[in-house]
Amino acid sequence: MADFIRRKVRLGEALVESGAITEEQLEQALEMQKGSGRKLGETLVDENMVTEEVIASVLSTQLGYAYSDLQNITIAPDIQNLVSASVLKKNQVLPLGYAQDNMNILQLAMADPQDLNAMDDISIITGCQVEPVVATPRSIMLAIDKYFGTDEVDSALEEYTKERLIIEEDDTFDEDINSSPIVMLVKDMIEKAARQRSSDIHIEPMERKVRIRYRIDGALYERARYDIAVLPALSARVKIIGGMDIAEKRKPQDGRITQMVDRTEYDIRVSVLPTVYGEKIVMRLAAKTALNREKSQLGLKPAEMKQFDHILKNPHGILLVTGPTGSGKSTTLYTALSELNTEDVNIITVEDPVEANIDGINQVQTNNKANLTFASALRSILRQDPDIIMIGEIRDIETASIAVQASITGHLVVSTLHTNSSASTITRLADMGLEPYLIADSIVGVIAQRLVRRLCPNCKKPRFANEEEREILGCKPEEENVEIYEPCGCPQCDNMGYKGRIGVYEILEMTQPLRHIISKGGNAEEIKAQAIKEGMHTLRMSASEYVLTGITSFSEMMKVSFDA
């Protein structure tokens with residue numbers, strides 16, 4: 001054991017030796033690390049050169065320590081009481097249990113198993129010898145939240161109740177607020193939500209309680225309940241950091257917060273709405289890097305990827321991405337723009353709000369007070385010699401008309417629209433007042449999309465589809481034993497049955513026969529029938545494939561294609 005601790009492994013050399021990174025990448029990372037205050041491992045992960053899992057695996061092999069993903073662990077109450085959560089977070093460690101029933105040796109999950117100071121701290125506090133187990137920083141922080149999170153919050157709220165530290169309802173910002181339990185509560189809430197992959201935090205006042213729910217993979221899960229007395233201070237704190245008026249409680253307000261969680265910067269949009277029992281707060285979390293994805297990560301099947309690439313090759317025309325709020329439209333658009341973002345093109349966007357910053361793209365934020373609307377911004381943009389224009393959303397006939405003019409005069413325009421299917425997008429533009437021949441001439445493609453939750457591969461359970469389900473899935477009459485999967489729930493998916501989401505797409509690529517139907521004023525059904533004849537897969541067809549291959553459940557498919 002002592003020999004293990006004396007052995008030192010140089011992380012960079014170990015990663016190069018194992019083939020995880022190249023010598024050039026190591027030199028590049030070492031250069032970036034200088035003066036940044038980050039460890040080498042953190043720099044490599046931040047720059048997407050290697051994953052936390054790969055680093056942990058290499059350290060485990062080189063140092064001879066066990067590796068744990070911490071997903072199926074259970075920590076006994078006596079072990080949980082050994083060290084406080086603040087010490088564990090500071091050192092990024094987690095006590096797992098005693099080694100082979102030896103009460104003198106404590107197994108300790110460590111993000112950095114060569115951190116002797118962390119080992120000494122835990123050894124002094126517990127009076128035990130430490131045996132390191134390698135784990136990723138993210139899995140350790142998640143496990144700390146799971147086992148120790150409520151204790152920290154409960155003690156903070158107890159302290160708050162004792163002191164009755166209520167923030168004064170005025171614009172003065174006292175430094176004491178920074179150490180108040182409510183500050184800790186809000187910070188802790190955002191950190192936990194980010195680690196659990198939440199897209200939104202809902203703080204909901206009820207008659208006697210405040211309910212906290214997180215939206216994870218599109219579904220809401222309750223995570224805590226506090227006494228209603230906490231609400232005024234909680235909303236005041238959120239308003240202060242969100243740059244809102246804390247004295248105004250009768251009107252809805254919007255704000256913005258930026259917070260770092262585990263070295264990732266989150267942009268948080270805040271909405272405050274007065275309700276019967278107090279102010280309801282919704283915080284929408286977006287990691288600054290989350291929208292800039294690789295095209296391969298969108299979940300497009302090979303045939304869909306080919307269509308997507310083909311549409312993007314058009315030098316001019318309009319590409320529309322459609323679907324309800326939260327269906328991944330922005331991610332698809334940003335991915336398309338990143339793909340098109342080369343030195344020889346001028347890309348300008350007009351958005352409300354700008355959701356992610358992309359190097360090399362000129363992004364304009366609309367401002368209604370200054371009369372900078374989508375339409376007025378577009379007119380100015382056309383004088384800026386653009387090649388590609390991205391419009392956050394086509395909301396009215398004025399914006400739609402300028403988009404059509406821009407596309408016909410040689411620009412590629414990408415935008416979003418709130419419609420249910422790709423065929424109904426065409427008729428929606430006609431309903432707005434655009435001439436059918438202009439729509440037929442300008443549109444090059446429409447992508448309708450949804451997100452379905454992926455079944456947890458560890459616990460999903462098979463069953464045979466019944467007759468009605470087989471019919472909806474498009475199975476042949478002779479196929480009787482069609483196996484589909486249901487969610488179950490296990491520690492790996494936090495007992496949700498699902499883990500992560502995948503995109504479901506319906507891609508309509510414009511062809512001559514479709515242009516002919518549209519210019520004659522054809523309805524959505526005629527457009528859809530022709531597109532299917534030409535090989536388009538509807539949302540239901542695409543989602544059915546995921547059900548039959550065990551990626552998602554039948555109920556998830558029905559949610560995204562109910563009206564298909």
# chains A, B, ... in the order shown; residues from 1 in each chain; ligands from 1

call {"tool": "residues_around", "arguments": {"residues": "segment 128-142 of chain A", "least_positions_apart": "4", "cutoff": "9 Å", "atoms": "only C-alpha atoms", "output": "count of residues only"}}
result
45

call {"tool": "select_by_dssp", "arguments": {"residues": "segment 329-406 of chain A", "states": "alpha helix (DSSP H)", "output": "PyMOL selection string"}}
result
chain A and resi 329-340+374-381+397-406

call {"tool": "residues_around", "arguments": {"residues": "segment 542-548 of chain A", "least_positions_apart": "4", "cutoff": "10 Å", "atoms": "only C-alpha atoms", "output": "ChimeraX atom specification"}}
result
/A:301,450-452,454-455,465,470,472-475,482-486,502-506,536-538,552-558,560-561

call {"tool": "write_last_selection", "arguments": {"atoms": "N, CA, C and O atoms", "output": "compact mmCIF listing (two decimals), in the first residue's frame"}}
result
# COMPACT_ATOMS: atom_id res chain seq x y z
N LYS A 301 -29.44 9.15 -38.69
CA LYS A 301 -29.08 7.84 -39.26
C LYS A 301 -28.28 8.10 -40.54
O LYS A 301 -28.38 9.20 -41.11
N ARG A 450 -37.80 15.88 -33.21
CA ARG A 450 -38.22 15.70 -31.81
C ARG A 450 -37.07 15.01 -31.08
O ARG A 450 -36.15 14.50 -31.71
N LEU A 451 -37.18 14.97 -29.76
CA LEU A 451 -36.21 14.22 -28.97
C LEU A 451 -36.95 13.13 -28.20
O LEU A 451 -37.98 13.40 -27.60
N VAL A 452 -36.45 11.90 -28.26
CA VAL A 452 -37.02 10.82 -27.44
C VAL A 452 -35.99 10.39 -26.41
O VAL A 452 -34.78 10.45 -26.67
N ARG A 454 -33.74 7.89 -24.35
CA ARG A 454 -33.13 6.57 -24.57
C ARG A 454 -33.40 5.68 -23.36
O ARG A 454 -33.22 6.12 -22.22
N LEU A 455 -33.77 4.43 -23.59
CA LEU A 455 -33.93 3.48 -22.50
C LEU A 455 -32.57 3.18 -21.89
O LEU A 455 -31.57 3.12 -22.60
N ALA A 465 -44.87 -7.05 -28.24
CA ALA A 465 -45.85 -6.00 -28.57
C ALA A 465 -47.21 -6.63 -28.82
O ALA A 465 -47.30 -7.74 -29.38
N ARG A 470 -48.27 -3.47 -32.69
CA ARG A 470 -47.62 -3.98 -33.93
C ARG A 470 -48.13 -3.21 -35.14
O ARG A 470 -47.37 -2.87 -36.04
N ILE A 472 -49.37 -0.08 -35.16
CA ILE A 472 -48.83 1.29 -35.11
C ILE A 472 -47.36 1.31 -35.53
O ILE A 472 -46.90 2.23 -36.21
N LEU A 473 -46.62 0.26 -35.15
CA LEU A 473 -45.19 0.19 -35.48
C LEU A 473 -44.95 -0.18 -36.94
O LEU A 473 -43.80 -0.18 -37.41
N GLY A 474 -46.03 -0.51 -37.65
CA GLY A 474 -45.90 -0.84 -39.07
C GLY A 474 -45.37 -2.22 -39.33
O GLY A 474 -44.74 -2.48 -40.37
N CYS A 475 -45.60 -3.16 -38.38
CA CYS A 475 -45.13 -4.54 -38.57
C CYS A 475 -46.06 -5.28 -39.54
O CYS A 475 -47.23 -4.95 -39.66
N VAL A 482 -43.08 -9.77 -31.90
CA VAL A 482 -42.23 -8.57 -32.06
C VAL A 482 -41.81 -8.11 -30.67
O VAL A 482 -42.65 -7.77 -29.83
N GLU A 483 -40.49 -8.11 -30.43
CA GLU A 483 -39.98 -7.76 -29.10
C GLU A 483 -39.71 -6.26 -29.00
O GLU A 483 -39.03 -5.70 -29.86
N ILE A 484 -40.29 -5.63 -27.98
CA ILE A 484 -39.99 -4.23 -27.70
C ILE A 484 -39.58 -4.13 -26.22
O ILE A 484 -39.72 -5.10 -25.47
N TYR A 485 -39.07 -2.97 -25.82
CA TYR A 485 -38.53 -2.84 -24.45
C TYR A 485 -39.27 -1.78 -23.64
O TYR A 485 -39.79 -0.81 -24.18
N GLU A 486 -39.29 -2.00 -22.33
CA GLU A 486 -39.95 -1.09 -21.40
C GLU A 486 -38.92 -0.52 -20.41
O GLU A 486 -37.94 -1.20 -20.09
N ILE A 502 -32.19 11.05 -27.78
CA ILE A 502 -31.70 10.93 -29.16
C ILE A 502 -32.70 11.62 -30.09
O ILE A 502 -33.91 11.64 -29.80
N GLY A 503 -32.21 12.20 -31.17
CA GLY A 503 -33.07 12.94 -32.09
C GLY A 503 -33.85 12.03 -33.03
O GLY A 503 -33.34 11.00 -33.48
N VAL A 504 -35.09 12.41 -33.30
CA VAL A 504 -35.93 11.73 -34.29
C VAL A 504 -36.20 12.75 -35.40
O VAL A 504 -36.65 13.86 -35.10
N TYR A 505 -35.92 12.39 -36.64
CA TYR A 505 -35.98 13.38 -37.73
C TYR A 505 -36.93 12.97 -38.86
O TYR A 505 -37.14 11.79 -39.12
N GLU A 506 -37.50 14.00 -39.48
CA GLU A 506 -38.31 13.84 -40.69
C GLU A 506 -37.76 14.88 -41.67
O GLU A 506 -37.94 16.07 -41.46
N MET A 536 -39.21 9.85 -48.10
CA MET A 536 -39.12 10.53 -46.80
C MET A 536 -39.63 9.61 -45.69
O MET A 536 -40.65 8.95 -45.84
N HIS A 537 -38.93 9.59 -44.57
CA HIS A 537 -39.37 8.86 -43.39
C HIS A 537 -40.07 9.84 -42.46
O HIS A 537 -39.49 10.85 -42.08
N THR A 538 -41.33 9.56 -42.10
CA THR A 538 -42.03 10.46 -41.18
C THR A 538 -41.47 10.29 -39.77
O THR A 538 -40.72 9.34 -39.50
N THR A 552 -35.59 3.09 -27.66
CA THR A 552 -36.58 3.83 -26.86
C THR A 552 -37.83 2.96 -26.66
O THR A 552 -37.92 1.86 -27.20
N SER A 553 -38.79 3.48 -25.88
CA SER A 553 -40.00 2.70 -25.57
C SER A 553 -41.15 3.11 -26.47
O SER A 553 -41.12 4.18 -27.09
N PHE A 554 -42.19 2.30 -26.49
CA PHE A 554 -43.38 2.58 -27.32
C PHE A 554 -44.04 3.87 -26.86
O PHE A 554 -44.48 4.68 -27.68
N SER A 555 -44.11 4.10 -25.53
CA SER A 555 -44.78 5.30 -25.01
C SER A 555 -44.04 6.57 -25.42
O SER A 555 -44.66 7.59 -25.72
N GLU A 556 -42.69 6.53 -25.48
CA GLU A 556 -41.91 7.68 -25.94
C GLU A 556 -42.20 7.97 -27.41
O GLU A 556 -42.32 9.12 -27.81
N MET A 557 -42.31 6.90 -28.21
CA MET A 557 -42.60 7.07 -29.63
C MET A 557 -43.96 7.76 -29.81
O MET A 557 -44.11 8.65 -30.64
N MET A 558 -44.96 7.34 -29.01
CA MET A 558 -46.30 7.91 -29.14
C MET A 558 -46.31 9.39 -28.76
O MET A 558 -47.05 10.19 -29.32
N VAL A 560 -43.98 11.62 -29.31
CA VAL A 560 -43.43 12.49 -30.36
C VAL A 560 -44.17 12.38 -31.68
O VAL A 560 -44.00 13.20 -32.57
N SER A 561 -44.99 11.32 -31.83
CA SER A 561 -45.68 11.17 -33.13
C SER A 561 -47.16 10.88 -32.93
O SER A 561 -47.76 10.14 -33.67

call {"tool": "closest_residue", "arguments": {"among": "A:Leu434, A:Asn481, A:Val354, A:Lys499", "to": "Glu467 of chain A", "atoms": "only C-alpha atoms"}}
result
A:Asn481

call {"tool": "residues_around", "arguments": {"residues": "Val186 of chain A", "least_positions_apart": "2", "cutoff": "10 Å", "atoms": "only C-alpha atoms", "output": "ChimeraX atom specification"}}
result
/A:153,181-184,188-191,234-235,237-238

call {"tool": "write_last_selection", "arguments": {"atoms": "C-alpha atoms", "output": "compact mmCIF listing (two decimals), in the first residue's frame"}}
result
# COMPACT_ATOMS: atom_id res chain seq x y z
CA VAL A 153 -28.92 22.10 2.49
CA PRO A 181 -27.35 30.06 3.79
CA ILE A 182 -29.78 31.12 1.02
CA VAL A 183 -26.83 31.95 -1.26
CA MET A 184 -25.46 28.49 -0.59
CA ASP A 188 -26.05 24.24 -4.58
CA MET A 189 -29.36 23.93 -6.49
CA ILE A 190 -27.76 25.09 -9.77
CA GLU A 191 -24.71 22.83 -9.29
CA LEU A 234 -34.85 32.55 -2.33
CA SER A 235 -36.53 34.72 -4.98
CA ARG A 237 -31.33 36.00 -4.17
CA VAL A 238 -32.20 34.77 -7.68

call {"tool": "atom_distance", "arguments": {"atom1": "atom CA of Tyr334 of chain A", "atom2": "atom CA of Leu298 of chain A"}}
result
11.1 Å

call {"tool": "closest_residue", "arguments": {"among": "A:Met432, A:Asn341, A:Asn91, A:Ile144", "to": "Asp121 of chain A", "atoms": "only C-alpha atoms"}}
result
A:Asn91

call {"tool": "residues_around", "arguments": {"residues": "Ile408 of chain A", "least_positions_apart": "4", "cutoff": "12 Å", "atoms": "only C-alpha atoms", "output": "ChimeraX atom specification"}}
result
/A:315-318,401-404,412-413,437-444

call {"tool": "residues_around", "arguments": {"residues": "Ile527 of chain A", "least_positions_apart": "5", "cutoff": "8 Å", "atoms": "only C-alpha atoms", "output": "list in words"}}
result
Ala423, Leu514, Ile517, Ile518 and Gly522 of chain A

call {"tool": "residues_around", "arguments": {"residues": "Asp200 of chain A", "least_positions_apart": "4", "cutoff": "10 Å", "atoms": "only C-alpha atoms", "output": "ChimeraX atom specification"}}
result
/A:190,193-194,213-216,218-220,268-270,282-286

call {"tool": "write_last_selection", "arguments": {"atoms": "N, CA and C atoms", "output": "short mmCIF file (atom, residue, chain, number, x, y, z; two decimals), in the first residue's frame"}}
result
data_model
loop_
_atom_site.label_atom_id
_atom_site.label_comp_id
_atom_site.auth_asym_id
_atom_site.auth_seq_id
_atom_site.Cartn_x
_atom_site.Cartn_y
_atom_site.Cartn_z
N ILE A 190 -28.22 24.99 -8.38
CA ILE A 190 -27.76 25.09 -9.77
C ILE A 190 -26.69 24.03 -10.06
N ALA A 193 -28.32 20.56 -10.36
CA ALA A 193 -29.08 20.47 -11.61
C ALA A 193 -28.14 20.26 -12.80
N ALA A 194 -27.03 21.01 -12.82
CA ALA A 194 -26.06 20.89 -13.92
C ALA A 194 -25.45 19.49 -13.96
N ARG A 213 -38.23 21.25 -8.66
CA ARG A 213 -38.23 20.15 -9.64
C ARG A 213 -37.19 20.44 -10.72
N TYR A 214 -36.56 19.37 -11.20
CA TYR A 214 -35.58 19.48 -12.29
C TYR A 214 -36.15 18.80 -13.52
N ARG A 215 -35.96 19.43 -14.69
CA ARG A 215 -36.35 18.76 -15.94
C ARG A 215 -35.13 18.04 -16.49
N ILE A 216 -35.20 16.71 -16.48
CA ILE A 216 -34.08 15.90 -16.96
C ILE A 216 -34.57 15.07 -18.14
N GLY A 218 -36.24 15.96 -20.61
CA GLY A 218 -37.59 16.32 -21.02
C GLY A 218 -38.69 16.04 -20.01
N ALA A 219 -38.38 15.35 -18.91
CA ALA A 219 -39.42 15.04 -17.90
C ALA A 219 -39.05 15.70 -16.57
N LEU A 220 -40.07 16.14 -15.80
CA LEU A 220 -39.82 16.81 -14.52
C LEU A 220 -39.74 15.81 -13.38
N ILE A 268 -27.57 30.86 -17.72
CA ILE A 268 -28.87 30.51 -17.14
C ILE A 268 -29.87 31.64 -17.38
N ARG A 269 -30.95 31.31 -18.09
CA ARG A 269 -32.01 32.30 -18.31
C ARG A 269 -33.06 32.12 -17.23
N VAL A 270 -33.44 33.22 -16.59
CA VAL A 270 -34.35 33.16 -15.44
C VAL A 270 -35.66 33.85 -15.78
N VAL A 282 -38.38 29.91 -12.86
CA VAL A 282 -37.85 28.86 -13.74
C VAL A 282 -36.49 29.31 -14.24
N MET A 283 -35.50 28.45 -14.05
CA MET A 283 -34.15 28.75 -14.56
C MET A 283 -33.80 27.75 -15.65
N ARG A 284 -33.51 28.25 -16.84
CA ARG A 284 -33.14 27.37 -17.96
C ARG A 284 -31.63 27.33 -18.08
N LEU A 285 -31.05 26.14 -17.94
CA LEU A 285 -29.59 25.99 -17.95
C LEU A 285 -29.10 25.60 -19.34
N ALA A 286 -28.05 26.26 -19.79
CA ALA A 286 -27.42 25.88 -21.06
C ALA A 286 -25.92 26.02 -20.91
#

call {"tool": "select_by_dssp", "arguments": {"residues": "segment 73-295 of chain A", "states": "strand (DSSP E or B)", "output": "PyMOL selection string"}}
result
chain A and resi 93-99+102-110+129-134+198-205+209-216+219-227+253-261+264-275+278-287

call {"tool": "write_last_selection", "arguments": {"atoms": "C-alpha atoms", "output": "short mmCIF file (atom, residue, chain, number, x, y, z; two decimals), in the first residue's frame"}}
result
data_model
loop_
_atom_site.label_atom_id
_atom_site.label_comp_id
_atom_site.auth_asym_id
_atom_site.auth_seq_id
_atom_site.Cartn_x
_atom_site.Cartn_y
_atom_site.Cartn_z
CA VAL A 93 -12.86 12.44 -2.89
CA LEU A 94 -15.56 10.06 -1.60
CA PRO A 95 -15.23 7.42 1.17
CA LEU A 96 -16.70 4.13 -0.07
CA GLY A 97 -16.24 1.74 2.87
CA TYR A 98 -13.67 -0.23 4.84
CA ALA A 99 -11.27 -2.54 2.96
CA ASN A 102 -10.56 -3.94 8.07
CA MET A 103 -11.77 -0.91 10.07
CA ASN A 104 -8.31 0.70 9.84
CA ILE A 105 -8.24 0.96 6.02
CA LEU A 106 -10.71 3.28 4.30
CA GLN A 107 -11.35 2.87 0.57
CA LEU A 108 -11.41 6.36 -0.92
CA ALA A 109 -12.62 7.21 -4.44
CA MET A 110 -10.27 9.90 -5.74
CA GLN A 129 -5.18 4.51 6.51
CA VAL A 130 -6.38 5.46 2.99
CA GLU A 131 -6.59 3.03 0.07
CA PRO A 132 -7.26 4.97 -3.17
CA VAL A 133 -9.84 3.89 -5.75
CA VAL A 134 -9.76 5.81 -9.06
CA SER A 198 -31.08 19.14 -16.10
CA SER A 199 -32.29 21.63 -18.70
CA ASP A 200 -34.55 23.57 -16.28
CA ILE A 201 -34.99 24.19 -12.54
CA HIS A 202 -38.55 24.90 -11.36
CA ILE A 203 -39.01 26.65 -7.98
CA GLU A 204 -42.75 26.39 -7.33
CA PRO A 205 -44.59 27.97 -4.36
CA LYS A 209 -44.16 24.40 0.83
CA VAL A 210 -41.78 25.36 -1.97
CA ARG A 211 -41.29 22.51 -4.43
CA ILE A 212 -38.05 22.16 -6.41
CA ARG A 213 -38.23 20.15 -9.64
CA TYR A 214 -35.58 19.48 -12.29
CA ARG A 215 -36.35 18.76 -15.94
CA ILE A 216 -34.08 15.90 -16.96
CA ALA A 219 -39.42 15.04 -17.90
CA LEU A 220 -39.82 16.81 -14.52
CA TYR A 221 -38.60 15.14 -11.32
CA GLU A 222 -39.15 16.47 -7.80
CA ARG A 223 -35.86 16.92 -5.98
CA ALA A 224 -36.72 18.82 -2.76
CA ARG A 225 -39.41 20.55 -0.68
CA TYR A 226 -38.74 23.47 1.65
CA ASP A 227 -40.85 25.52 4.02
CA GLN A 253 -39.46 39.52 -14.84
CA ASP A 254 -36.64 38.02 -16.90
CA GLY A 255 -32.96 37.85 -16.09
CA ARG A 256 -29.71 36.10 -16.87
CA ILE A 257 -27.11 34.40 -14.65
CA THR A 258 -23.68 32.99 -15.53
CA GLN A 259 -22.26 30.34 -13.21
CA MET A 260 -19.32 27.97 -13.36
CA VAL A 261 -20.04 24.36 -12.40
CA THR A 264 -18.01 24.43 -17.28
CA GLU A 265 -19.64 27.82 -17.80
CA TYR A 266 -23.44 27.77 -17.72
CA ASP A 267 -25.63 30.49 -19.16
CA ILE A 268 -28.87 30.51 -17.14
CA ARG A 269 -32.01 32.30 -18.31
CA VAL A 270 -34.35 33.16 -15.44
CA SER A 271 -38.09 33.81 -15.57
CA VAL A 272 -40.04 35.01 -12.50
CA LEU A 273 -43.85 34.84 -12.56
CA PRO A 274 -46.20 35.99 -9.74
CA THR A 275 -48.63 33.20 -8.73
CA GLY A 278 -45.80 33.65 -4.40
CA GLU A 279 -43.30 33.96 -7.22
CA LYS A 280 -42.62 30.90 -9.38
CA ILE A 281 -39.08 30.84 -10.74
CA VAL A 282 -37.85 28.86 -13.74
CA MET A 283 -34.15 28.75 -14.56
CA ARG A 284 -33.14 27.37 -17.96
CA LEU A 285 -29.59 25.99 -17.95
CA ALA A 286 -27.42 25.88 -21.06
CA ALA A 287 -23.74 24.96 -21.04
#

call {"tool": "atom_distance", "arguments": {"atom1": "atom CA of Ser338 of chain A", "atom2": "atom CA of Leu15 of chain A"}}
result
29.5 Å

call {"tool": "closest_residue", "arguments": {"among": "A:Ala143, A:Ile388, A:Val45, A:Leu372", "to": "Ile73 of chain A", "atoms": "only C-alpha atoms"}}
result
A:Ala143

call {"tool": "closest_residue", "arguments": {"among": "A:Gly326, A:Gly497, A:Gly19, A:Pro436", "to": "Val50 of chain A", "atoms": "only C-alpha atoms"}}
result
A:Gly19

call {"tool": "decode", "arguments": {"residues": "segment 409-436 of chain A", "atoms": "N, CA and C atoms", "output": "mmCIF file, in the first residue's frame"}}
result
data_model
loop_
_atom_site.group_PDB
_atom_site.id
_atom_site.type_symbol
_atom_site.label_atom_id
_atom_site.label_comp_id
_atom_site.auth_asym_id
_atom_site.auth_seq_id
_atom_site.Cartn_x
_atom_site.Cartn_y
_atom_site.Cartn_z
ATOM 1 N N THR A 409 -32.121 35.969 -53.840
ATOM 2 C CA THR A 409 -31.011 36.811 -54.349
ATOM 3 C C THR A 409 -29.639 36.205 -54.053
ATOM 4 N N GLY A 410 -29.624 34.884 -53.749
ATOM 5 C CA GLY A 410 -28.329 34.203 -53.676
ATOM 6 C C GLY A 410 -27.757 33.934 -52.296
ATOM 7 N N HIS A 411 -28.593 33.996 -51.251
ATOM 8 C CA HIS A 411 -28.102 33.697 -49.898
ATOM 9 C C HIS A 411 -28.683 32.381 -49.396
ATOM 10 N N LEU A 412 -27.917 31.682 -48.530
ATOM 11 C CA LEU A 412 -28.468 30.501 -47.852
ATOM 12 C C LEU A 412 -29.024 30.990 -46.515
ATOM 13 N N VAL A 413 -30.318 30.754 -46.293
ATOM 14 C CA VAL A 413 -30.976 31.214 -45.066
ATOM 15 C C VAL A 413 -31.378 29.988 -44.248
ATOM 16 N N VAL A 414 -30.988 29.932 -42.970
ATOM 17 C CA VAL A 414 -31.451 28.842 -42.096
ATOM 18 C C VAL A 414 -32.264 29.459 -40.966
ATOM 19 N N SER A 415 -33.361 28.804 -40.626
ATOM 20 C CA SER A 415 -34.235 29.367 -39.587
ATOM 21 C C SER A 415 -35.082 28.282 -38.953
ATOM 22 N N THR A 416 -35.873 28.660 -37.926
ATOM 23 C CA THR A 416 -36.757 27.701 -37.257
ATOM 24 C C THR A 416 -38.202 28.187 -37.348
ATOM 25 N N LEU A 417 -39.109 27.235 -37.145
ATOM 26 C CA LEU A 417 -40.540 27.517 -37.171
ATOM 27 C C LEU A 417 -41.207 26.523 -36.227
ATOM 28 N N HIS A 418 -42.261 26.946 -35.543
ATOM 29 C CA HIS A 418 -42.969 26.030 -34.631
ATOM 30 C C HIS A 418 -44.106 25.341 -35.375
ATOM 31 N N THR A 419 -43.834 24.195 -36.008
ATOM 32 C CA THR A 419 -44.906 23.419 -36.656
ATOM 33 C C THR A 419 -44.711 21.943 -36.294
ATOM 34 N N ASN A 420 -45.730 21.127 -36.587
ATOM 35 C CA ASN A 420 -45.684 19.725 -36.168
ATOM 36 C C ASN A 420 -44.968 18.801 -37.131
ATOM 37 N N SER A 421 -45.004 19.117 -38.427
ATOM 38 C CA SER A 421 -44.363 18.225 -39.396
ATOM 39 C C SER A 421 -43.740 19.061 -40.510
ATOM 40 N N SER A 422 -42.942 18.389 -41.349
ATOM 41 C CA SER A 422 -42.268 19.129 -42.421
ATOM 42 C C SER A 422 -43.273 19.598 -43.485
ATOM 43 N N ALA A 423 -44.303 18.781 -43.771
ATOM 44 C CA ALA A 423 -45.300 19.177 -44.779
ATOM 45 C C ALA A 423 -46.126 20.368 -44.295
ATOM 46 N N SER A 424 -46.510 20.359 -43.007
ATOM 47 C CA SER A 424 -47.337 21.461 -42.487
ATOM 48 C C SER A 424 -46.548 22.772 -42.400
ATOM 49 N N THR A 425 -45.214 22.689 -42.441
ATOM 50 C CA THR A 425 -44.374 23.897 -42.445
ATOM 51 C C THR A 425 -44.610 24.699 -43.726
ATOM 52 N N ILE A 426 -44.733 23.982 -44.836
ATOM 53 C CA ILE A 426 -44.959 24.639 -46.126
ATOM 54 C C ILE A 426 -46.303 25.371 -46.117
ATOM 55 N N THR A 427 -47.356 24.668 -45.606
ATOM 56 C CA THR A 427 -48.688 25.292 -45.592
ATOM 57 C C THR A 427 -48.743 26.436 -44.576
ATOM 58 N N ARG A 428 -47.937 26.357 -43.494
ATOM 59 C CA ARG A 428 -47.887 27.444 -42.506
ATOM 60 C C ARG A 428 -47.363 28.729 -43.158
ATOM 61 N N LEU A 429 -46.334 28.598 -43.992
ATOM 62 C CA LEU A 429 -45.781 29.771 -44.684
ATOM 63 C C LEU A 429 -46.825 30.383 -45.616
ATOM 64 N N ALA A 430 -47.620 29.509 -46.274
ATOM 65 C CA ALA A 430 -48.685 29.989 -47.161
ATOM 66 C C ALA A 430 -49.764 30.703 -46.340
ATOM 67 N N ASP A 431 -50.084 30.131 -45.148
ATOM 68 C CA ASP A 431 -51.080 30.758 -44.258
ATOM 69 C C ASP A 431 -50.609 32.132 -43.788
ATOM 70 N N MET A 432 -49.288 32.288 -43.633
ATOM 71 C CA MET A 432 -48.739 33.584 -43.206
ATOM 72 C C MET A 432 -48.958 34.654 -44.274
ATOM 73 N N GLY A 433 -49.110 34.199 -45.526
ATOM 74 C CA GLY A 433 -49.347 35.174 -46.595
ATOM 75 C C GLY A 433 -48.321 35.137 -47.706
ATOM 76 N N LEU A 434 -47.392 34.159 -47.667
ATOM 77 C CA LEU A 434 -46.394 34.058 -48.747
ATOM 78 C C LEU A 434 -47.036 33.412 -49.974
ATOM 79 N N GLU A 435 -46.652 33.853 -51.140
ATOM 80 C CA GLU A 435 -47.184 33.265 -52.375
ATOM 81 C C GLU A 435 -46.622 31.846 -52.549
ATOM 82 N N PRO A 436 -47.481 30.860 -52.910
ATOM 83 C CA PRO A 436 -47.001 29.468 -53.062
ATOM 84 C C PRO A 436 -45.820 29.329 -54.012
#
